[in-house]
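Take a look at the structure set out below.
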Amino acid sequence: MGQIRFRSAVAPLRRSFQAKPAQLPSVDSLVAELRPAEPLHCIRPATLRATARRFVDGFATAMAPVSAGGDVLYAVKCNPDPAFIRQLWKGGVRHYDCASPAEIRLIRQMFGDAAQIHYMHPVKNRAAIRAAYLEHEVRDFSLDSVEELAKILEETAYAGDLGLMIRLALPKGNAAMDLSGKFGASRETAVELLRRARVVGERVGVCFHVGSQMMEPAAYERALELAGNIIREAGVEIDVLDVGGGFPVSYPDFTPPPLDDFMAAIRRGVEKLALPARTRVWCEPGRALVAAGGSIVVQVERRRGDELFINDGVYGSLSDAGVPAFRFPCRLVRPEGKSDAELMAFSFWGPTCDSADRMKGPFLLPADIREGDWIEIGQLGAYGATLRTAFNGFDVARMAEVADAPLLETPGHRVAARLPEATR
Ligand SMILES: *Cc1c(COP(=O)(O)O)cnc(C)c1O
């Protein structure tokens with residue numbers, strides 16, 4: 001027999017409440033308090049909510065005149081951290097581009113049936129297709145081959161309620177991260193797949209990805225023109241037109257055109273296709289929704305001239321600073337006081353013993369930076385922590401929510417943003 005406890009009828013009201021919701025700390029105050037020896041991951045909930053709201057509303061508004069409506073699918077692989085995903089939900093995201101059974105389970109666990117999950121990986125294993133359809137009630141699947149169509153049909157027992165999204169190959173573009181080589185059906189295959197999908201699918205769509213960190217709005221227009229030619233040649237009506245991800249954010253080397261320029265380019269491209277009125281337009285942003293919402297505070301363990309040895313690296317959250325050689329915005333965090341020194345260019349070494357654990361930057365920091373100082377590195381909410389490994393045992397990090405604005409603003413991503421003083 002368990003112990004019996006007394007419970008007052010008004011117990012919930014007896015708890016003490018703070019007068020106002022707790023204020024989140026600033027990055028500087030956290031570093032002063034914790035003096036973290038491990039990387040400290042900082043989440044900016046307000047930034048994530050505002051960016052999601054801007055994207056969801058902006059896309060719906062832009063697509064309303066030319067379609068049945070615009071839906072924003074968050075590309076979960078970009079950052080599957082529930083703390084990020086929860087804020088995107090609060091900002092209005094209800095659709096998810098998942099690419100693995102684990103991502104699908106995560107979203108179902110967090111939101112149940114209220115989340116619309118779309119399985120947008122063109123090459124899936126058979127068990128994953130079955131689990132998605134039977135256990136997780138996923139109905140939309142992307143594909144780029146006749147073989148994949150057969151797999152989807154066989155594993156769902158020729159279900160009558162499938163949404164089949166044909167992934168088109170695009171010519172190599174000029175995105176920072178080109179994605180043209182791996183997936184996508186050629187024109188002839190796409191035409192054939194559209195015709196077959198129209199017979200067996202309840203919903204049919206086309207999708208593509210112009211490449212990640214795509215700086216040129218016209219790339220979406222060109223891809224839409226190509227999609228239009230293929231749809232016309234197939235002679236079928238579609239239900240969904242999915243313009244994919246790729247939307248850029250600011251890095252020290254890049255200031256993208258405003259978000260509205262991308263929305264306008266997509267609207268023009270969709271308008272020219274004169275699609276049936278029932279067509280919905282989707283987009284699948286990853287980077288653009290979460291990059292500004294995450295930063296990482298690292299500590300300097302050694303200085304050797306213009307090289308800094310820090311406690312995170314390419315096997316940790318700074319993968320894109322390695323071979324892809326992204327430059328990230330940085331600032332010194334020194335609880336003892338600010339630095340008045342001039343900025344100079346530094347490169348970083350990560351904590352592992354591998355000489356490939358190098359980030360050449362250049363990263364601009366005060367010339368008097370020294371061992372023991374901390375550095376906040378921004379724009380790491382996308383493709384940062386999610387790429388971490390446990391190589392060499394450097395896999396421990398702390399995590400905190402902060403009130404700070406992002407280190408860099410992306411034009412048109414948020415309204416009324418204010419930059420922190422020390423940001424460069
Ligand atoms: C990775 C990926 C995305 C997100 O791309 P971003 O460049 O981060 O916006 C969207 N759709 C698909 C199919 C992807 O693989």
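Residue numbers start at 1 in each chain; chains themselves are named A, B, ... in the order of the structure tokens; ligands are numbered from 1 in the order shown.
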Residues of segment 52-279 of chain A in helix (DSSP H, G or I) according to DSSP, as number ranges by chain? A: 52-66, 76-78, 82-90, 101-114, 126-135, 146-155, 187-200, 218-234, 259-273
Residues of chain A that approach ligand 1 to 7 Å or less, counting only C-alpha atoms and all ligand atoms: could you list each one with the shortest pair of atoms and its distance in Å to one decimal, rows by chain and increasing residue number, as JSON lines?
```
{"residue": "A:Ala75", "atom": "CA", "partner": "ligand 1", "partner_atom_place_in_ligand_line": "4 (C)", "distance": 5.0}
{"residue": "A:Lys77", "atom": "CA", "partner": "ligand 1", "partner_atom_place_in_ligand_line": "1 (C)", "distance": 6.5}
{"residue": "A:Cys78", "atom": "CA", "partner": "ligand 1", "partner_atom_place_in_ligand_line": "8 (O)", "distance": 5.8}
{"residue": "A:Asp97", "atom": "CA", "partner": "ligand 1", "partner_atom_place_in_ligand_line": "11 (N)", "distance": 6.7}
{"residue": "A:Met120", "atom": "CA", "partner": "ligand 1", "partner_atom_place_in_ligand_line": "13 (C)", "distance": 5.5}
{"residue": "A:His121", "atom": "CA", "partner": "ligand 1", "partner_atom_place_in_ligand_line": "13 (C)", "distance": 6.2}
{"residue": "A:His209", "atom": "CA", "partner": "ligand 1", "partner_atom_place_in_ligand_line": "11 (N)", "distance": 6.2}
{"residue": "A:Gly211", "atom": "CA", "partner": "ligand 1", "partner_atom_place_in_ligand_line": "7 (O)", "distance": 6.1}
{"residue": "A:Ser212", "atom": "CA", "partner": "ligand 1", "partner_atom_place_in_ligand_line": "7 (O)", "distance": 3.4}
{"residue": "A:Gln213", "atom": "CA", "partner": "ligand 1", "partner_atom_place_in_ligand_line": "7 (O)", "distance": 5.6}
{"residue": "A:Gly244", "atom": "CA", "partner": "ligand 1", "partner_atom_place_in_ligand_line": "11 (N)", "distance": 5.0}
{"residue": "A:Gly245", "atom": "CA", "partner": "ligand 1", "partner_atom_place_in_ligand_line": "9 (O)", "distance": 3.5}
{"residue": "A:Gly246", "atom": "CA", "partner": "ligand 1", "partner_atom_place_in_ligand_line": "7 (O)", "distance": 3.3}
{"residue": "A:Phe247", "atom": "CA", "partner": "ligand 1", "partner_atom_place_in_ligand_line": "9 (O)", "distance": 5.3}
{"residue": "A:Glu284", "atom": "CA", "partner": "ligand 1", "partner_atom_place_in_ligand_line": "10 (C)", "distance": 4.6}
{"residue": "A:Pro285", "atom": "CA", "partner": "ligand 1", "partner_atom_place_in_ligand_line": "9 (O)", "distance": 3.8}
{"residue": "A:Gly286", "atom": "CA", "partner": "ligand 1", "partner_atom_place_in_ligand_line": "8 (O)", "distance": 3.5}
{"residue": "A:Arg287", "atom": "CA", "partner": "ligand 1", "partner_atom_place_in_ligand_line": "8 (O)", "distance": 3.8}
{"residue": "A:Ala288", "atom": "CA", "partner": "ligand 1", "partner_atom_place_in_ligand_line": "9 (O)", "distance": 6.0}
```
Test item: residues at most 7 Å from Phe141 of chain A, only C-alpha atoms, excluding those fewer than 6 positions along its chain, as a ChimeraX atom specification: /A:118-120,163-165
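With atom CA of Trp89 of chain A on one side and atom CA of Arg105 of chain A on the other, the separation reads 16.3 Å.
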Take atom CA of Leu343 of chain A and atom CA of Gly305 of chain A and report the distance between them in Å, one decimal.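 Straight-line distance from atom CA of Leu343 of chain A to atom CA of Gly305 of chain A works out to 13.9 Å.
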Env of Ala382 of chain A: 12 Å cut, atoms = only C-alpha atoms, seq-sep filter 3 positions within chain, self excluded. Answer as a PDB file with N, CA and C atoms, in the first residue's frame.
```pdb
ATOM      1  N   ILE A  43      20.145  30.209 -26.651  1.00  0.00           N
ATOM      2  CA  ILE A  43      18.946  30.216 -27.488  1.00  0.00           C
ATOM      3  C   ILE A  43      18.234  31.543 -27.305  1.00  0.00           C
ATOM      4  N   LEU A  48      13.498  33.663 -32.399  1.00  0.00           N
ATOM      5  CA  LEU A  48      12.930  32.528 -33.127  1.00  0.00           C
ATOM      6  C   LEU A  48      11.445  32.742 -33.390  1.00  0.00           C
ATOM      7  N   TYR A  74       8.874  23.767 -41.757  1.00  0.00           N
ATOM      8  CA  TYR A  74      10.215  23.886 -41.175  1.00  0.00           C
ATOM      9  C   TYR A  74      11.019  22.627 -41.497  1.00  0.00           C
ATOM     10  N   ALA A  75      12.210  22.810 -42.081  1.00  0.00           N
ATOM     11  CA  ALA A  75      13.091  21.676 -42.397  1.00  0.00           C
ATOM     12  C   ALA A  75      13.820  21.255 -41.121  1.00  0.00           C
ATOM     13  N   VAL A  76      13.311  20.191 -40.499  1.00  0.00           N
ATOM     14  CA  VAL A  76      13.718  19.828 -39.139  1.00  0.00           C
ATOM     15  C   VAL A  76      15.213  19.510 -39.032  1.00  0.00           C
ATOM     16  N   LYS A  77      15.819  18.981 -40.111  1.00  0.00           N
ATOM     17  CA  LYS A  77      17.228  18.585 -40.012  1.00  0.00           C
ATOM     18  C   LYS A  77      18.149  19.748 -39.653  1.00  0.00           C
ATOM     19  N   CYS A  78      17.706  20.945 -39.972  1.00  0.00           N
ATOM     20  CA  CYS A  78      18.523  22.131 -39.764  1.00  0.00           C
ATOM     21  C   CYS A  78      18.816  22.383 -38.287  1.00  0.00           C
ATOM     22  N   ASN A  79      17.858  22.045 -37.442  1.00  0.00           N
ATOM     23  CA  ASN A  79      18.043  22.094 -35.989  1.00  0.00           C
ATOM     24  C   ASN A  79      16.865  21.398 -35.319  1.00  0.00           C
ATOM     25  N   PRO A  80      17.066  20.153 -34.881  1.00  0.00           N
ATOM     26  CA  PRO A  80      15.955  19.392 -34.292  1.00  0.00           C
ATOM     27  C   PRO A  80      15.803  19.594 -32.784  1.00  0.00           C
ATOM     28  N   ASP A  81      16.463  20.597 -32.233  1.00  0.00           N
ATOM     29  CA  ASP A  81      16.382  20.822 -30.792  1.00  0.00           C
ATOM     30  C   ASP A  81      14.957  21.249 -30.414  1.00  0.00           C
ATOM     31  N   PHE A  84      14.181  24.887 -29.818  1.00  0.00           N
ATOM     32  CA  PHE A  84      14.018  25.726 -31.008  1.00  0.00           C
ATOM     33  C   PHE A  84      12.657  25.471 -31.654  1.00  0.00           C
ATOM     34  N   ILE A  85      12.332  24.183 -31.795  1.00  0.00           N
ATOM     35  CA  ILE A  85      11.098  23.816 -32.494  1.00  0.00           C
ATOM     36  C   ILE A  85       9.875  24.379 -31.766  1.00  0.00           C
ATOM     37  N   SER A 212      21.319  25.804 -50.625  1.00  0.00           N
ATOM     38  CA  SER A 212      21.209  26.513 -49.351  1.00  0.00           C
ATOM     39  C   SER A 212      21.970  27.836 -49.386  1.00  0.00           C
ATOM     40  N   GLN A 213      21.472  28.809 -48.614  1.00  0.00           N
ATOM     41  CA  GLN A 213      22.061  30.160 -48.580  1.00  0.00           C
ATOM     42  C   GLN A 213      22.090  30.737 -50.010  1.00  0.00           C
ATOM     43  N   GLY A 246      16.476  27.119 -48.758  1.00  0.00           N
ATOM     44  CA  GLY A 246      17.562  27.866 -49.378  1.00  0.00           C
ATOM     45  C   GLY A 246      17.622  29.327 -48.986  1.00  0.00           C
ATOM     46  N   PHE A 247      16.582  29.840 -48.322  1.00  0.00           N
ATOM     47  CA  PHE A 247      16.524  31.270 -47.986  1.00  0.00           C
ATOM     48  C   PHE A 247      17.731  31.656 -47.125  1.00  0.00           C
ATOM     49  N   PRO A 248      18.409  32.744 -47.496  1.00  0.00           N
ATOM     50  CA  PRO A 248      19.680  33.072 -46.854  1.00  0.00           C
ATOM     51  C   PRO A 248      19.527  33.906 -45.579  1.00  0.00           C
ATOM     52  N   VAL A 249      20.581  33.915 -44.783  1.00  0.00           N
ATOM     53  CA  VAL A 249      20.674  34.840 -43.643  1.00  0.00           C
ATOM     54  C   VAL A 249      21.991  35.602 -43.754  1.00  0.00           C
ATOM     55  N   PRO A 285      11.859  26.385 -45.437  1.00  0.00           N
ATOM     56  CA  PRO A 285      13.063  27.024 -44.897  1.00  0.00           C
ATOM     57  C   PRO A 285      13.628  26.262 -43.703  1.00  0.00           C
ATOM     58  N   GLY A 286      14.937  26.190 -43.630  1.00  0.00           N
ATOM     59  CA  GLY A 286      15.619  25.660 -42.449  1.00  0.00           C
ATOM     60  C   GLY A 286      16.439  26.789 -41.851  1.00  0.00           C
ATOM     61  N   ARG A 287      17.572  27.041 -42.502  1.00  0.00           N
ATOM     62  CA  ARG A 287      18.511  28.068 -42.050  1.00  0.00           C
ATOM     63  C   ARG A 287      17.835  29.398 -41.695  1.00  0.00           C
ATOM     64  N   ALA A 288      16.945  29.874 -42.580  1.00  0.00           N
ATOM     65  CA  ALA A 288      16.376  31.209 -42.403  1.00  0.00           C
ATOM     66  C   ALA A 288      15.544  31.308 -41.133  1.00  0.00           C
ATOM     67  N   LEU A 289      14.956  30.188 -40.673  1.00  0.00           N
ATOM     68  CA  LEU A 289      14.113  30.258 -39.483  1.00  0.00           C
ATOM     69  C   LEU A 289      14.913  30.212 -38.190  1.00  0.00           C
ATOM     70  N   VAL A 290      16.057  29.543 -38.197  1.00  0.00           N
ATOM     71  CA  VAL A 290      16.712  29.284 -36.908  1.00  0.00           C
ATOM     72  C   VAL A 290      18.127  29.833 -36.736  1.00  0.00           C
ATOM     73  N   ALA A 291      18.783  30.251 -37.808  1.00  0.00           N
ATOM     74  CA  ALA A 291      20.199  30.647 -37.679  1.00  0.00           C
ATOM     75  C   ALA A 291      20.392  31.710 -36.606  1.00  0.00           C
ATOM     76  N   ALA A 292      19.603  32.780 -36.684  1.00  0.00           N
ATOM     77  CA  ALA A 292      19.814  33.905 -35.763  1.00  0.00           C
ATOM     78  C   ALA A 292      19.419  33.567 -34.329  1.00  0.00           C
ATOM     79  N   GLY A 293      18.668  32.481 -34.157  1.00  0.00           N
ATOM     80  CA  GLY A 293      18.175  32.129 -32.829  1.00  0.00           C
ATOM     81  C   GLY A 293      19.167  31.390 -31.959  1.00  0.00           C
ATOM     82  N   GLY A 294      20.363  31.104 -32.479  1.00  0.00           N
ATOM     83  CA  GLY A 294      21.332  30.350 -31.680  1.00  0.00           C
ATOM     84  C   GLY A 294      22.726  30.921 -31.790  1.00  0.00           C
ATOM     85  N   SER A 295      23.423  31.001 -30.666  1.00  0.00           N
ATOM     86  CA  SER A 295      24.843  31.385 -30.671  1.00  0.00           C
ATOM     87  C   SER A 295      25.572  30.469 -29.702  1.00  0.00           C
ATOM     88  N   ILE A 296      26.891  30.490 -29.787  1.00  0.00           N
ATOM     89  CA  ILE A 296      27.683  29.628 -28.908  1.00  0.00           C
ATOM     90  C   ILE A 296      28.793  30.454 -28.271  1.00  0.00           C
ATOM     91  N   SER A 317      30.169  22.236 -32.867  1.00  0.00           N
ATOM     92  CA  SER A 317      29.118  23.055 -33.480  1.00  0.00           C
ATOM     93  C   SER A 317      29.617  23.940 -34.604  1.00  0.00           C
ATOM     94  N   LEU A 318      30.915  23.900 -34.895  1.00  0.00           N
ATOM     95  CA  LEU A 318      31.483  24.836 -35.867  1.00  0.00           C
ATOM     96  C   LEU A 318      31.898  24.161 -37.166  1.00  0.00           C
ATOM     97  N   SER A 319      31.179  23.099 -37.508  1.00  0.00           N
ATOM     98  CA  SER A 319      31.465  22.345 -38.723  1.00  0.00           C
ATOM     99  C   SER A 319      31.553  23.250 -39.954  1.00  0.00           C
ATOM    100  N   ASP A 320      30.618  24.168 -40.093  1.00  0.00           N
ATOM    101  CA  ASP A 320      30.599  25.024 -41.286  1.00  0.00           C
ATOM    102  C   ASP A 320      31.739  26.050 -41.310  1.00  0.00           C
ATOM    103  N   PHE A 328      31.699  33.501 -39.218  1.00  0.00           N
ATOM    104  CA  PHE A 328      30.571  33.805 -38.345  1.00  0.00           C
ATOM    105  C   PHE A 328      30.849  35.101 -37.592  1.00  0.00           C
ATOM    106  N   GLY A 378      27.988  33.968 -33.388  1.00  0.00           N
ATOM    107  CA  GLY A 378      26.559  34.054 -33.706  1.00  0.00           C
ATOM    108  C   GLY A 378      26.154  33.307 -34.968  1.00  0.00           C
ATOM    109  N   GLN A 379      24.861  33.346 -35.274  1.00  0.00           N
ATOM    110  CA  GLN A 379      24.258  32.715 -36.461  1.00  0.00           C
ATOM    111  C   GLN A 379      24.497  31.199 -36.467  1.00  0.00           C
ATOM    112  N   ALA A 385      24.818  23.012 -33.685  1.00  0.00           N
ATOM    113  CA  ALA A 385      24.830  21.939 -32.686  1.00  0.00           C
ATOM    114  C   ALA A 385      24.375  20.601 -33.261  1.00  0.00           C
ATOM    115  N   THR A 386      23.517  20.650 -34.283  1.00  0.00           N
ATOM    116  CA  THR A 386      22.983  19.397 -34.819  1.00  0.00           C
ATOM    117  C   THR A 386      24.065  18.562 -35.509  1.00  0.00           C
ATOM    118  N   LEU A 387      25.178  19.173 -35.874  1.00  0.00           N
ATOM    119  CA  LEU A 387      26.260  18.447 -36.548  1.00  0.00           C
ATOM    120  C   LEU A 387      27.358  17.991 -35.579  1.00  0.00           C
TER     121      LEU A 387
END
```
Non-local contacts of Leu88 of chain A (6 Å; only C-alpha atoms; under 5 positions in same chain excluded) as number ranges by chain: A: 49, 52, 93
Give me the residues within 9 Å of Arg203 of chain A as a list in words, counting only C-alpha atoms and dropping any in the same chain fewer than 5 places off.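 My reading of the contact set: Asp140, Asp161, Leu162, Gly163, Leu164, Met165, Ala197, Arg198, Ile238, Asp239 and Val240 of chain A.
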Test item, strand (DSSP E) assignment across segment 149-369 of chain A, answer as a PyMOL selection string: chain A and resi 163-167+203-207+240-242+280-283+294-304+307-310+330-333+343-349+358-366
Extract, using only C-alpha atoms, all DNA, RNA and protein residues at most 12 Å from segment 143-148 of chain A, discarding same-chain residues fewer than 5 positions from it, and format them as a PyMOL selection string. chain A and resi 99+118-126+129+153-155+163-169+182-197+204-208
Find, counting only C-alpha atoms, the residue in A:Pro411, A:Gly337, A:Pro366, A:Gly316 that gets nearest to Glu38 of chain A.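 Closest residue, counting only C-alpha atoms: A:Gly316.
Atom CA of Pro276 of chain A to atom CA of Val243 of chain A spans 16.7 Å [interatomic distance, one decimal].
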Calculated over only C-alpha atoms, which of the candidates A:Ala321, A:Pro82, A:Ala37, A:Gly160 has the smallest distance to Gln109 of chain A?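 Ranked by minimum distance to Gln109 of chain A, first place goes to A:Pro82.
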Which residues of segment 367-400 of chain A come within 12 Å of segment 353-361 of chain A, and what is each one's closest atom pair and distance in Å (one decimal), counting only C-alpha atoms, sorted by chain and residue number, as a tab-separated table?
```
residue	atom	partner	partner_atom	distance
A:Ile377	CA	A:Gly361	CA	11.8
A:Phe391	CA	A:Cys353	CA	9.7
A:Asn392	CA	A:Cys353	CA	7.6
A:Gly393	CA	A:Cys353	CA	10.7
A:Phe394	CA	A:Cys353	CA	10.7
```
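Restricting the calculation to only C-alpha atoms, the smallest distance between Leu407 of chain A and any of A:Leu73, A:Arg44, A:Glu225, A:Asp312 is found for A:Arg44.
Minimum atom-to-atom distance to His95 of chain A, evaluated using only C-alpha atoms, belongs to A:Ile107 out of A:Leu241, A:Val402, A:Ile107, A:Ala341.
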